[in-house]
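Structure data follow from start32.txt (compact mmCIF, C-alpha atoms):
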# COMPACT_ATOMS: atom_id res chain seq x y z
CA MET A 7 0.00 0.00 0.00
CA LEU A 8 1.22 3.48 -0.87
CA ASN A 9 2.69 5.39 2.06
CA ILE A 10 1.35 8.84 2.76
CA LYS A 11 2.97 11.56 4.81
CA ASN A 12 1.08 12.64 7.90
CA ASN A 13 0.73 16.23 6.63
CA ILE A 14 -0.91 15.21 3.34
CA ALA A 15 -4.71 15.11 3.43
CA ILE A 16 -5.40 13.98 -0.17
CA LYS A 17 -3.05 12.18 -2.53
CA VAL A 18 -4.11 11.33 -6.09
CA GLU A 19 -2.02 9.30 -8.54
CA GLY A 20 -2.83 8.53 -12.18
CA LEU A 21 -6.53 9.21 -11.67
CA SER A 22 -8.78 8.69 -14.69
CA LYS A 23 -12.52 8.36 -15.04
CA LYS A 24 -13.92 7.18 -18.35
CA TYR A 25 -17.41 6.59 -19.68
CA ALA A 26 -18.57 4.62 -22.70
CA LEU A 27 -20.22 6.64 -25.43
CA GLY A 28 -22.18 4.99 -28.22
CA LYS A 29 -25.62 4.39 -29.62
CA LYS A 30 -28.01 1.51 -29.56
CA ASN A 31 -27.95 -0.92 -32.46
CA THR A 32 -31.01 -0.02 -34.53
CA GLU A 33 -30.55 -3.09 -36.75
CA LEU A 34 -31.69 -5.61 -34.12
CA LYS A 35 -34.75 -7.73 -34.83
CA ILE A 36 -38.01 -6.85 -33.07
CA SER A 37 -37.73 -9.92 -30.83
CA ASP A 38 -34.15 -8.98 -29.91
CA LYS A 39 -35.18 -5.40 -29.18
CA ILE A 40 -37.81 -6.70 -26.72
CA LYS A 41 -35.18 -8.84 -25.02
CA GLU A 42 -32.86 -5.82 -24.81
CA LEU A 43 -35.52 -3.95 -22.83
CA PHE A 44 -35.18 -6.47 -20.01
CA LYS A 45 -31.40 -6.55 -19.95
CA GLN A 46 -29.61 -4.43 -17.39
CA LYS A 47 -26.73 -3.73 -19.75
CA LYS A 48 -27.58 -1.71 -22.83
CA HIS A 49 -26.49 -3.02 -26.22
CA ILE A 50 -23.72 -0.84 -27.60
CA THR A 51 -22.63 -0.91 -31.23
CA LYS A 52 -19.09 -1.20 -32.49
CA SER A 53 -18.99 2.58 -32.64
CA GLU A 54 -18.60 2.61 -28.87
CA LYS A 55 -16.08 5.21 -27.74
CA GLU A 56 -14.41 6.07 -24.49
CA PHE A 57 -14.86 9.51 -23.05
CA PHE A 58 -12.46 10.55 -20.30
CA ALA A 59 -14.08 12.92 -17.84
CA LEU A 60 -10.74 12.84 -15.98
CA LYS A 61 -7.43 11.80 -17.49
CA ASN A 62 -4.22 10.83 -15.66
CA ILE A 63 -4.43 13.34 -12.82
CA ASP A 64 -1.82 13.61 -10.05
CA PHE A 65 -1.81 16.01 -7.11
CA GLU A 66 -1.32 16.34 -3.36
CA ILE A 67 -3.32 18.52 -0.99
CA TYR A 68 -1.91 19.21 2.46
CA LYS A 69 -3.82 19.36 5.71
CA GLY A 70 -5.28 22.78 6.42
CA GLU A 71 -5.26 23.92 2.79
CA THR A 72 -8.33 25.39 1.11
CA ILE A 73 -8.24 24.51 -2.57
CA GLY A 74 -10.43 25.99 -5.30
CA ILE A 75 -11.18 24.07 -8.47
CA ILE A 76 -12.10 26.08 -11.56
CA GLY A 77 -12.62 25.30 -15.22
CA ARG A 78 -15.22 25.53 -17.94
CA ASN A 79 -18.37 23.44 -18.05
CA GLY A 80 -17.46 19.84 -18.78
CA ALA A 81 -13.90 20.23 -17.53
CA GLY A 82 -14.35 17.43 -14.94
CA LYS A 83 -14.68 19.48 -11.74
CA SER A 84 -17.81 17.80 -10.38
CA THR A 85 -16.60 14.39 -11.49
CA LEU A 86 -13.39 14.89 -9.51
CA LEU A 87 -15.32 15.74 -6.35
CA LYS A 88 -17.58 12.73 -6.81
CA VAL A 89 -14.56 10.47 -7.13
CA LEU A 90 -12.94 12.05 -4.06
CA SER A 91 -16.21 11.55 -2.18
CA ARG A 92 -16.28 7.83 -3.13
CA ILE A 93 -19.63 8.35 -4.86
CA THR A 94 -18.06 7.38 -8.19
CA GLU A 95 -15.28 4.82 -8.56
CA PRO A 96 -12.23 5.81 -10.61
CA SER A 97 -11.51 3.89 -13.80
CA GLU A 98 -7.77 4.07 -13.22
CA GLY A 99 -5.38 5.31 -10.56
CA ARG A 100 -5.69 5.61 -6.81
CA ILE A 101 -6.83 8.06 -4.15
CA ILE A 102 -5.70 8.22 -0.54
CA LEU A 103 -7.70 10.30 1.92
CA ASN A 104 -6.08 10.92 5.27
CA GLY A 105 -9.10 11.52 7.51
CA THR A 106 -12.89 11.55 7.46
CA VAL A 107 -14.61 13.08 4.43
CA ALA A 108 -17.90 15.01 4.13
CA SER A 109 -19.30 16.63 1.00
CA VAL A 110 -22.12 18.74 -0.40
CA LEU A 111 -22.19 17.98 -4.11
CA GLU A 112 -25.74 18.27 -5.42
CA VAL A 113 -29.06 19.52 -4.15
CA GLY A 114 -30.56 16.79 -2.02
CA MET A 115 -27.78 14.26 -2.61
CA GLY A 116 -28.00 11.77 0.26
CA PHE A 117 -31.43 13.02 1.35
CA HIS A 118 -34.49 10.75 1.12
CA PRO A 119 -37.46 12.81 -0.07
CA GLU A 120 -40.01 10.97 2.08
CA LEU A 121 -38.02 11.47 5.30
CA THR A 122 -38.15 14.61 7.39
CA GLY A 123 -35.27 17.01 7.76
CA ARG A 124 -34.54 15.58 11.22
CA GLU A 125 -34.46 12.02 9.90
CA ASN A 126 -32.25 13.04 6.98
CA VAL A 127 -29.75 14.72 9.28
CA PHE A 128 -29.21 11.42 11.09
CA LEU A 129 -29.26 9.50 7.80
CA SER A 130 -26.61 11.80 6.32
CA GLY A 131 -24.49 11.47 9.43
CA ALA A 132 -24.71 7.68 9.26
CA MET A 133 -23.73 7.71 5.57
CA LEU A 134 -20.70 9.83 6.47
CA GLY A 135 -19.73 7.38 9.21
CA ILE A 136 -20.55 9.74 12.08
CA PRO A 137 -21.83 8.05 15.26
CA LYS A 138 -25.43 8.77 16.22
CA SER A 139 -24.26 10.20 19.56
CA LYS A 140 -22.14 12.77 17.71
CA ILE A 141 -25.03 13.81 15.48
CA THR A 142 -27.29 14.11 18.53
CA GLU A 143 -24.70 16.32 20.19
CA LYS A 144 -24.47 18.59 17.13
CA PHE A 145 -28.13 18.45 16.09
CA ASP A 146 -29.22 21.79 17.55
CA ASP A 147 -26.20 23.56 16.00
CA ILE A 148 -27.00 22.01 12.61
CA VAL A 149 -30.63 23.13 12.67
CA GLU A 150 -29.83 26.60 13.96
CA PHE A 151 -27.10 27.21 11.38
CA ALA A 152 -29.45 26.16 8.56
CA GLY A 153 -32.30 28.27 9.98
CA MET A 154 -34.61 25.26 9.65
CA GLN A 155 -36.24 25.18 13.09
CA ARG A 156 -39.78 25.48 11.70
CA PHE A 157 -39.33 22.88 8.97
CA ILE A 158 -37.03 20.29 10.51
CA ASP A 159 -39.90 17.81 10.98
CA THR A 160 -41.29 18.34 7.46
CA ALA A 161 -40.59 15.85 4.67
CA VAL A 162 -37.74 17.21 2.57
CA LYS A 163 -39.70 16.61 -0.65
CA HIS A 164 -41.50 19.82 0.29
CA TYR A 165 -38.22 21.78 0.65
CA SER A 166 -37.06 24.35 -1.86
CA SER A 167 -33.63 23.87 -3.44
CA GLY A 168 -32.24 26.52 -1.10
CA MET A 169 -33.59 24.71 1.97
CA TYR A 170 -32.07 21.45 0.72
CA VAL A 171 -28.62 22.94 0.36
CA ARG A 172 -28.76 24.95 3.59
CA LEU A 173 -29.50 21.83 5.61
CA ALA A 174 -27.00 19.66 3.72
CA PHE A 175 -24.31 22.34 4.07
CA SER A 176 -25.05 22.72 7.76
CA VAL A 177 -24.67 18.97 8.37
CA VAL A 178 -21.29 18.90 6.65
CA VAL A 179 -19.77 21.97 8.32
CA ASN A 180 -20.95 21.05 11.81
CA ILE A 181 -19.87 17.40 12.08
CA GLU A 182 -16.15 18.29 12.15
CA ALA A 183 -14.94 16.02 9.33
CA ASP A 184 -11.27 16.31 8.41
CA ILE A 185 -11.85 16.87 4.67
CA LEU A 186 -14.76 18.94 3.33
CA LEU A 187 -15.82 18.99 -0.33
CA PHE A 188 -18.21 21.59 -1.78
CA ASP A 189 -19.59 21.79 -5.31
CA GLU A 190 -21.25 25.09 -6.30
CA VAL A 191 -23.12 25.54 -3.03
CA LEU A 192 -21.94 28.99 -1.92
CA SER A 193 -24.33 30.84 -4.24
CA VAL A 194 -27.43 29.22 -2.72
CA GLY A 195 -29.52 31.03 -0.14
CA ASP A 196 -29.90 34.68 0.71
CA TYR A 197 -27.05 37.09 1.35
CA SER A 198 -27.01 36.60 5.13
CA PHE A 199 -26.76 32.82 4.76
CA GLN A 200 -23.94 33.18 2.23
CA MET A 201 -22.04 35.33 4.71
CA LYS A 202 -22.54 32.63 7.36
CA CYS A 203 -21.11 30.10 4.93
CA TYR A 204 -18.06 32.25 4.22
CA ASP A 205 -17.42 32.78 7.91
CA LYS A 206 -17.86 29.09 8.70
CA ILE A 207 -15.50 27.96 5.94
CA THR A 208 -12.91 30.49 7.10
CA LYS A 209 -13.13 29.21 10.69
CA LEU A 210 -12.85 25.60 9.51
CA ALA A 211 -9.80 26.46 7.42
CA ASN A 212 -8.20 28.17 10.41
CA SER A 213 -8.81 25.01 12.48
CA ASN A 214 -6.65 22.92 10.11
CA LYS A 215 -9.53 21.39 8.15
CA THR A 216 -8.85 20.57 4.50
CA ILE A 217 -11.40 22.15 2.16
CA VAL A 218 -11.95 21.70 -1.57
CA ILE A 219 -14.37 24.06 -3.34
CA VAL A 220 -15.68 23.89 -6.91
CA SER A 221 -17.06 27.23 -8.05
CA HIS A 222 -17.63 29.27 -11.19
CA ASN A 223 -17.44 32.37 -9.01
CA ASN A 224 -13.82 33.47 -9.16
CA ASN A 225 -14.41 35.97 -6.35
CA ASP A 226 -15.32 33.09 -4.01
CA ILE A 227 -12.09 31.33 -4.96
CA LEU A 228 -10.01 34.45 -4.30
CA ARG A 229 -11.81 35.10 -1.04
CA LEU A 230 -11.60 31.62 0.48
CA CYS A 231 -8.81 29.61 -1.14
CA SER A 232 -5.06 29.43 -0.65
CA LYS A 233 -4.44 27.56 -3.91
CA VAL A 234 -6.30 26.91 -7.13
CA MET A 235 -6.55 23.87 -9.39
CA ILE A 236 -7.52 24.37 -13.04
CA LEU A 237 -9.11 21.58 -15.06
CA ASN A 238 -9.41 21.57 -18.84
CA LYS A 239 -11.12 18.72 -20.70
CA GLY A 240 -10.41 16.31 -17.87
CA HIS A 241 -6.75 17.27 -17.54
CA LEU A 242 -5.22 19.03 -14.55
CA THR A 243 -3.40 21.79 -16.41
CA ASP A 244 -2.41 24.09 -13.53
CA PHE A 245 -2.13 23.88 -9.76
CA GLY A 246 -0.69 26.74 -7.74
CA ASP A 247 -1.38 29.98 -5.89
CA THR A 248 -4.48 32.07 -6.49
CA SER A 249 -2.68 34.46 -8.86
CA MET A 250 -3.64 31.92 -11.52
CA VAL A 251 -7.30 32.87 -11.08
CA MET A 252 -6.65 36.18 -12.84
CA LYS A 253 -4.73 34.38 -15.58
CA TYR A 254 -7.64 31.98 -16.02
CA PHE A 255 -10.02 34.93 -16.14
CA GLU A 256 -7.88 36.51 -18.86
CA GLN A 257 -8.21 33.37 -20.92
CA SER A 258 -11.91 32.81 -20.31
CA ILE A 259 -13.05 36.32 -21.30
CA SER A 260 -11.06 36.27 -24.53
CA GLU A 261 -11.98 34.39 -27.63
CA SER A 262 -10.71 30.85 -27.24
CA PRO A 263 -8.04 29.96 -29.79
CA ALA A 264 -9.24 27.52 -32.42
CA ILE A 265 -8.35 23.93 -31.65
CA ASN A 266 -7.33 21.98 -34.70
CA GLU A 267 -8.63 18.49 -35.37
CA LYS A 268 -5.45 16.79 -34.21
CA GLU A 269 -5.49 18.61 -30.87
CA GLU A 270 -9.21 17.86 -30.45
CA LYS A 271 -8.65 14.19 -31.23
CA ASN A 272 -5.84 13.93 -28.70
CA ASN A 273 -7.83 15.94 -26.14
CA LYS A 274 -4.76 18.12 -25.71
CA GLU A 275 -4.35 19.82 -22.37
CA ILE A 276 -3.77 23.56 -22.60
CA SER A 277 -2.18 25.34 -19.65
CA ILE A 278 -3.09 28.91 -18.86
CA LYS A 279 0.66 29.51 -18.56
CA GLU A 280 0.82 29.14 -22.34
CA TYR A 281 -1.78 31.86 -22.86
CA ASN A 282 -0.96 35.55 -23.31
CA PHE A 283 -3.78 38.03 -22.85
CA GLU A 284 -4.15 40.88 -25.33
CA ASN A 285 -6.36 43.89 -24.79
CA THR A 286 -9.45 44.18 -26.96
CA LEU A 287 -9.65 47.96 -27.19
CA LYS A 288 -11.86 48.31 -30.26
CA LYS A 289 -15.05 46.85 -31.63
CA GLU A 290 -16.47 48.09 -34.92
CA TRP A 291 -19.61 47.09 -36.82
CA THR A 292 -19.01 47.56 -40.56
CA ASP A 293 -22.30 45.88 -41.45
CA ILE A 294 -24.95 48.29 -40.18
CA SER A 295 -27.56 45.52 -40.05
CA GLU A 296 -25.52 43.79 -37.33
CA ALA A 297 -24.73 46.95 -35.34
CA PRO A 298 -26.38 47.45 -31.92
CA GLY A 299 -29.35 49.80 -31.94
CA ASP A 300 -32.66 50.15 -33.76
CA GLU A 301 -34.12 51.88 -36.83
CA LYS A 302 -33.33 55.33 -35.37
CA ILE A 303 -29.77 54.86 -34.06
CA LYS A 304 -26.87 52.49 -34.60
CA ILE A 305 -23.62 52.12 -32.67
CA ARG A 306 -20.86 51.97 -35.27
CA LYS A 307 -17.76 51.77 -33.09
CA VAL A 308 -16.67 51.43 -29.46
CA PHE A 309 -12.99 51.97 -28.70
CA ILE A 310 -10.51 52.88 -26.00
CA GLU A 311 -7.54 55.21 -26.48
CA ASN A 312 -4.52 55.71 -24.26
CA GLU A 313 -4.56 59.46 -23.66
CA THR A 314 -1.19 59.49 -21.89
CA ARG A 315 0.73 57.59 -24.57
CA LYS A 316 -1.13 57.95 -27.86
CA GLY A 317 -1.27 54.78 -29.93
CA ASP A 318 -0.06 52.47 -27.16
CA THR A 319 -2.24 49.40 -26.73
CA LYS A 320 -0.95 48.81 -23.21
CA ILE A 321 -2.60 50.67 -20.36
CA PHE A 322 -0.80 51.19 -17.07
CA THR A 323 -2.34 52.30 -13.81
CA SER A 324 -0.56 55.66 -14.27
CA ASP A 325 -2.17 56.21 -17.71
CA LYS A 326 -5.19 58.32 -18.53
CA PHE A 327 -7.44 56.65 -21.09
CA SER A 328 -10.66 57.49 -22.89
CA ILE A 329 -13.79 55.50 -23.77
CA ASN A 330 -15.29 56.43 -27.13
CA PHE A 331 -18.63 55.65 -28.75
CA GLU A 332 -19.31 56.50 -32.38
CA TYR A 333 -22.98 56.35 -33.36
CA GLU A 334 -25.21 57.37 -36.23
CA LYS A 335 -28.64 59.03 -35.88
CA PHE A 336 -31.09 58.62 -38.76
CA TYR A 337 -33.82 61.00 -37.57
CA ASP A 338 -34.10 64.39 -35.88
CA ASN A 339 -35.73 65.24 -32.52
CA ASP A 340 -34.75 62.32 -30.25
CA TYR A 341 -31.58 62.50 -28.20
CA TYR A 342 -29.64 59.58 -26.78
CA ASP A 343 -27.83 58.94 -23.55
CA ILE A 344 -24.90 56.53 -23.93
CA GLY A 345 -23.33 55.16 -20.78
CA PHE A 346 -20.69 52.61 -19.96
CA ILE A 347 -20.34 50.06 -17.20
CA PHE A 348 -17.23 48.41 -15.78
CA SER A 349 -17.28 44.88 -14.43
CA ASN A 350 -14.70 42.31 -13.48
CA MET A 351 -14.80 38.60 -12.74
CA ASN A 352 -18.21 36.96 -12.94
CA TYR A 353 -19.84 40.20 -14.10
CA MET A 354 -19.49 41.82 -10.70
CA PHE A 355 -20.37 45.40 -11.64
CA LEU A 356 -17.94 48.00 -10.36
CA GLY A 357 -19.72 51.15 -11.46
CA ASN A 358 -21.32 53.01 -14.33
CA HIS A 359 -21.55 56.47 -15.81
CA PHE A 360 -23.83 58.18 -18.33
CA GLY A 361 -22.93 60.97 -20.68
CA ASN A 362 -25.78 63.49 -20.50
CA SER A 363 -25.47 64.79 -16.95
CA ASP A 364 -23.31 67.75 -18.02
CA GLN A 365 -24.59 68.22 -21.57
CA ASN A 366 -27.35 70.31 -23.16
CA MET A 367 -28.84 67.57 -25.33
CA GLU A 368 -30.90 70.10 -27.34
CA ASP A 369 -27.70 70.60 -29.34
CA PHE A 370 -27.53 66.93 -30.37
CA LYS A 371 -31.04 66.17 -31.64
CA LEU A 372 -30.26 66.49 -35.34
CA LYS A 373 -29.51 63.36 -37.36
CA GLY A 374 -25.86 62.67 -38.17
CA THR A 375 -22.77 60.87 -36.89
CA TYR A 376 -21.59 61.61 -33.35
CA ASN A 377 -18.72 60.64 -31.08
CA VAL A 378 -19.15 60.45 -27.31
CA LYS A 379 -15.98 60.43 -25.23
CA ALA A 380 -15.38 59.87 -21.53
CA VAL A 381 -11.95 60.16 -19.90
CA ILE A 382 -10.78 57.91 -17.04
CA GLU A 383 -8.14 59.64 -14.95
CA GLU A 384 -4.83 58.02 -14.12
CA LYS A 385 -4.49 55.87 -10.98
CA PHE A 386 -8.20 55.12 -10.95
CA PHE A 387 -7.71 51.36 -11.32
CA ASN A 388 -5.40 48.95 -9.56
CA ASN A 389 -3.54 46.16 -11.36
CA THR A 390 -6.61 44.35 -12.74
CA ILE A 391 -8.68 43.30 -15.73
CA VAL A 392 -12.03 44.91 -16.40
CA SER A 393 -14.72 44.37 -18.98
CA LEU A 394 -16.43 47.37 -20.54
CA GLY A 395 -20.09 47.33 -21.46
CA PHE A 396 -22.44 50.04 -22.68
CA GLY A 397 -26.08 51.00 -22.81
CA VAL A 398 -28.05 53.32 -25.09
CA TYR A 399 -31.17 55.11 -23.81
CA ARG A 400 -33.59 57.26 -25.79
CA ASN A 401 -34.58 60.57 -24.18
CA ASN A 402 -33.38 59.34 -20.77
CA GLY A 403 -36.03 56.65 -20.80
CA THR A 404 -36.42 53.82 -23.31
CA VAL A 405 -33.62 51.28 -23.44
CA VAL A 406 -32.41 50.90 -27.02
CA CYS A 407 -29.67 48.31 -26.45
CA PHE A 408 -27.31 47.02 -23.78
CA ASP A 409 -24.12 44.93 -23.90
CA ALA A 410 -22.21 44.12 -20.69
CA ASN A 411 -19.22 42.49 -22.34
CA THR A 412 -17.94 44.58 -25.27
CA LEU A 413 -14.24 45.26 -24.59
CA HIS A 414 -11.65 43.82 -22.19
CA ILE A 415 -8.80 45.83 -20.71
CA LYS A 416 -5.81 44.69 -18.69
CA ILE A 417 -4.55 47.56 -16.57
CA GLU A 418 -1.04 46.86 -15.36
CA ASN A 419 1.44 48.34 -12.94
CA HIS A 420 4.40 49.84 -14.76
CA LYS A 421 7.75 48.41 -13.71
CA ALA A 422 8.74 51.79 -12.31
CA GLU A 423 5.55 51.83 -10.25
CA GLU A 424 6.23 48.36 -8.94
CA ILE A 425 9.67 49.43 -7.77
CA HIS A 426 8.96 52.91 -6.45
CA GLY A 427 5.28 53.57 -6.10
CA LEU A 428 3.57 50.55 -4.62
CA SER A 429 3.58 48.86 -1.27
CA SER A 430 3.38 45.08 -0.94
CA VAL A 431 -0.28 45.51 0.03
CA ASP A 432 -1.03 47.32 -3.25
CA GLN A 433 0.64 44.62 -5.30
CA ASN A 434 -0.79 41.57 -3.58
CA PHE A 435 -4.31 42.56 -2.58
CA PRO A 436 -6.57 41.67 -5.53
CA VAL A 437 -8.95 44.63 -5.67
CA PRO A 438 -9.81 46.40 -8.93
CA LEU A 439 -10.00 50.02 -7.78
CA LYS A 440 -7.27 52.17 -6.23
CA PRO A 441 -8.61 55.71 -5.66
CA LYS A 442 -5.98 58.41 -5.57
CA ASN A 443 -5.72 61.53 -3.42
CA MET A 444 -7.76 60.11 -0.58
CA LYS A 445 -7.05 62.09 2.57
CA TRP A 446 -6.22 60.08 5.67
CA GLU A 447 -5.77 61.34 9.21
CA ILE A 448 -4.28 59.69 12.26
CA LYS A 449 -4.34 60.97 15.81
CA LYS A 450 -3.65 59.58 19.25
CA LEU A 451 -6.78 59.52 21.42
CA LYS A 452 -5.16 58.74 24.76
Go through the file and emit its structure as structure tokens.
Amino acid sequence: MLNIKNNIAIKVEGLSKKYALGKKNTELKISDKIKELFKQKKHITKSEKEFFALKNIDFEIYKGETIGIIGRNGAGKSTLLKVLSRITEPSEGRIILNGTVASVLEVGMGFHPELTGRENVFLSGAMLGIPKSKITEKFDDIVEFAGMQRFIDTAVKHYSSGMYVRLAFSVVVNIEADILLFDEVLSVGDYSFQMKCYDKITKLANSNKTIVIVSHNNNDILRLCSKVMILNKGHLTDFGDTSMVMKYFEQSISESPAINEKEEKNNKEISIKEYNFENTLKKEWTDISEAPGDEKIKIRKVFIENETRKGDTKIFTSDKFSINFEYEKFYDNDYYDIGFIFSNMNYMFLGNHFGNSDQNMEDFKLKGTYNVKAVIEEKFFNNTIVSLGFGVYRNNGTVVCFDANTLHIKIENHKAEEIHGLSSVDQNFPVPLKPKNMKWEIKKLK
């Protein structure tokens, strides 16, 4: 048996999970088709293929680490957690878990719909190998954390999806397992419950519990995790510190490079370390029928210019840059308000601004081609990536069009800034905004 160091919580070697893909043989006789209905194993034609949800994965997770797993849909994230939870058996390789394991993977997984919440708490505990005495001891804490006092003796088939997950999450975080696995559960429930979840996971991490979280919310990963694991088509392509989350975000918001047939056939793994992000500072619609707008107005061009260093496609935090909208009006009388919106990971909106607050729009009612320009002052953003969207409104009322994901800008610290102008807090704390000229005061009270 493979030895495992005492400080390693999870060790995975050569892990693969494959499924058979194929189609039923439509050439069977009627009598054979009837027989097939009563067979447990489906008849698969010679066109059967193997699909690897996970392929030859190796990694080690140490005790007390909080690991985030990210990747596109179908990358194998949920499959990996199911294999780690012993819900699904691996096709190849081995897994060693050093301690007790508890997981929340799907809504209602492990709950019997005809049983009450109370009965399911004890059932879940038994399935996780927790003694009944331990569940009894923790029962009140579980119910209180989930906020399920009124419904704990109701059959869970009457629960909403949020109630399911709240109770399942509460069982897992209160039974004090050594290894905790979560799959997309932090977005369930209202804001106050989400904050309770964040606080609980943080306390568990600080108490040397090992936590693995699958999430499409990159902000959750940055907030809770010490390391990140990136899956791509069943391959573990990257495993390291959370700085890779931004790199992954760079890749995911850009157009994915075309994968040729040979790479697709070989299911080639592509590391984010091989990807270089390039700003998309201009979008133009040459075909007016495809341009955003309606029969009265069309957006022809949206672009960003570096006002500090004209023509430079890089934008540093010390640069001033402008946001420009070129549009064409086909009729007189109406006027249009064009605004932009900044967002970062997972479309978390950072702020917006509209162009008519300081303008006399009576001057811009005639048909024609117009350019609207807004200037972003230097040192407004930190080292970050933001997406730019825009909206067009007629006469400060009717929405003409809206796009939240038009351009993507990487705003970087200049090398000189990194050396002379930034503290370690500025460089390492992953926040998108860094307001300048904020006045601080300090005084001794006693």
Pick out the closest residue to A:Thr319 from this set: A:Thr106, A:Ser249, A:Asn285, A:Ser91. Count all atoms listed in the file.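 The shortest atom-to-atom distance to A:Thr319 comes from A:Asn285.
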Can you measure atom CA of A:Thr375 to atom CA of A:His359 for me? One decimal in Å is fine.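 Interatomic distance, atom CA of A:Thr375 to atom CA of A:His359: 21.6 Å.
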May I have the protein, DNA and RNA residues with any atom at most 9 Å from the point (-37.0, 31.9, -0.4), counting all atoms listed in the file, written as a list in words?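 In the file's frame, the residues around the point are Ser166, Gly168, Met169, Gly195 and Asp196 of chain A.
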Please identify all polymer residues within 10 Å of A:Leu210, counting all atoms listed in the file, omitting same-chain residues fewer than 3 positions from it, and present them as a PDB file with C-alpha atoms, in the frame of the given file.
ATOM      1  CA  GLY A  70      -5.280  22.780   6.420  1.00  0.00           C
ATOM      2  CA  THR A  72      -8.330  25.390   1.110  1.00  0.00           C
ATOM      3  CA  VAL A 179     -19.770  21.970   8.320  1.00  0.00           C
ATOM      4  CA  ASN A 180     -20.950  21.050  11.810  1.00  0.00           C
ATOM      5  CA  GLU A 182     -16.150  18.290  12.150  1.00  0.00           C
ATOM      6  CA  ALA A 183     -14.940  16.020   9.330  1.00  0.00           C
ATOM      7  CA  ASP A 184     -11.270  16.310   8.410  1.00  0.00           C
ATOM      8  CA  LEU A 186     -14.760  18.940   3.330  1.00  0.00           C
ATOM      9  CA  TYR A 204     -18.060  32.250   4.220  1.00  0.00           C
ATOM     10  CA  ASP A 205     -17.420  32.780   7.910  1.00  0.00           C
ATOM     11  CA  LYS A 206     -17.860  29.090   8.700  1.00  0.00           C
ATOM     12  CA  ILE A 207     -15.500  27.960   5.940  1.00  0.00           C
ATOM     13  CA  SER A 213      -8.810  25.010  12.480  1.00  0.00           C
ATOM     14  CA  ASN A 214      -6.650  22.920  10.110  1.00  0.00           C
ATOM     15  CA  LYS A 215      -9.530  21.390   8.150  1.00  0.00           C
ATOM     16  CA  THR A 216      -8.850  20.570   4.500  1.00  0.00           C
ATOM     17  CA  ILE A 217     -11.400  22.150   2.160  1.00  0.00           C
TER      18      ILE A 217
END
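Minimum distance to A:Val178 across A:Ile148, A:Ile347, A:Leu287, A:Leu87 (counting all atoms listed in the file) occurs at A:Ile148.
Residue nearest A:Leu439, chosen from A:Asn339, A:Thr323, A:Ser393, A:Ser328 and counting all atoms listed in the file: A:Thr323.
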From atom CA of A:Ile93 to atom CA of A:Lys61 the spacing works out at 17.9 Å
Could you please determine the separation between atom CA of A:Phe117 and atom CA of A:Ser130 in Å, to one decimal place? 7.0 Å
Can you list, as a list in words, every protein, DNA or RNA residue that comes within 8 Å of A:Ala174 when you count all atoms listed in the file, leaving out same-chain residues fewer than 3 positions away? Val110, Gly114, Val127, Tyr170, Val171, Val177 and Val178 of chain A
Expected file contents, prior selection, C-alpha atoms, as an mmCIF file, keeping the file's coordinate frame:
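The file below, again.cif, is the result:
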data_model
loop_
_atom_site.group_PDB
_atom_site.id
_atom_site.type_symbol
_atom_site.label_atom_id
_atom_site.label_comp_id
_atom_site.auth_asym_id
_atom_site.auth_seq_id
_atom_site.Cartn_x
_atom_site.Cartn_y
_atom_site.Cartn_z
ATOM 1 C CA VAL A 110 -22.120 18.740 -0.400
ATOM 2 C CA GLY A 114 -30.560 16.790 -2.020
ATOM 3 C CA VAL A 127 -29.750 14.720 9.280
ATOM 4 C CA TYR A 170 -32.070 21.450 0.720
ATOM 5 C CA VAL A 171 -28.620 22.940 0.360
ATOM 6 C CA VAL A 177 -24.670 18.970 8.370
ATOM 7 C CA VAL A 178 -21.290 18.900 6.650
#
Spatial neighbours of A:Lys253, max dist 9 Å, all atoms listed in the file, sep filter under 6 positions, as JSON, numbers by chain: {"A": [278, 279, 281, 282, 283]}
Compare A:Val251, A:Val381, A:Ile63, A:Asp293 by their minimum atom-to-atom distance to A:Thr314, counting only C-alpha atoms, and give me the closest one. A:Val381
Could you tell me, as a list of chain:residue names, which residues have any atom at most 10 Å from (-14.8, 26.5, -6.3), counting all atoms listed in the file?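 Those residues, ordered by chain and then number, are A:Thr72, A:Ile73, A:Gly74, A:Ile75, A:Ile76, A:Gly77, A:Lys83, A:Leu187, A:Phe188, A:Asp189, A:Glu190, A:Val191, A:Leu192, A:Val218, A:Ile219, A:Val220, A:Ser221, A:His222, A:Asn223, A:Asn224, A:Asn225, A:Asp226, A:Ile227, A:Leu228, A:Leu230, A:Cys231, A:Val234, A:Met235.
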Using all atoms listed in the file, which residue out of A:Asp343, A:Glu296, A:Glu311, A:Asp409 lies closest to A:Val378?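 Closest residue, counting all atoms listed in the file: A:Asp343.
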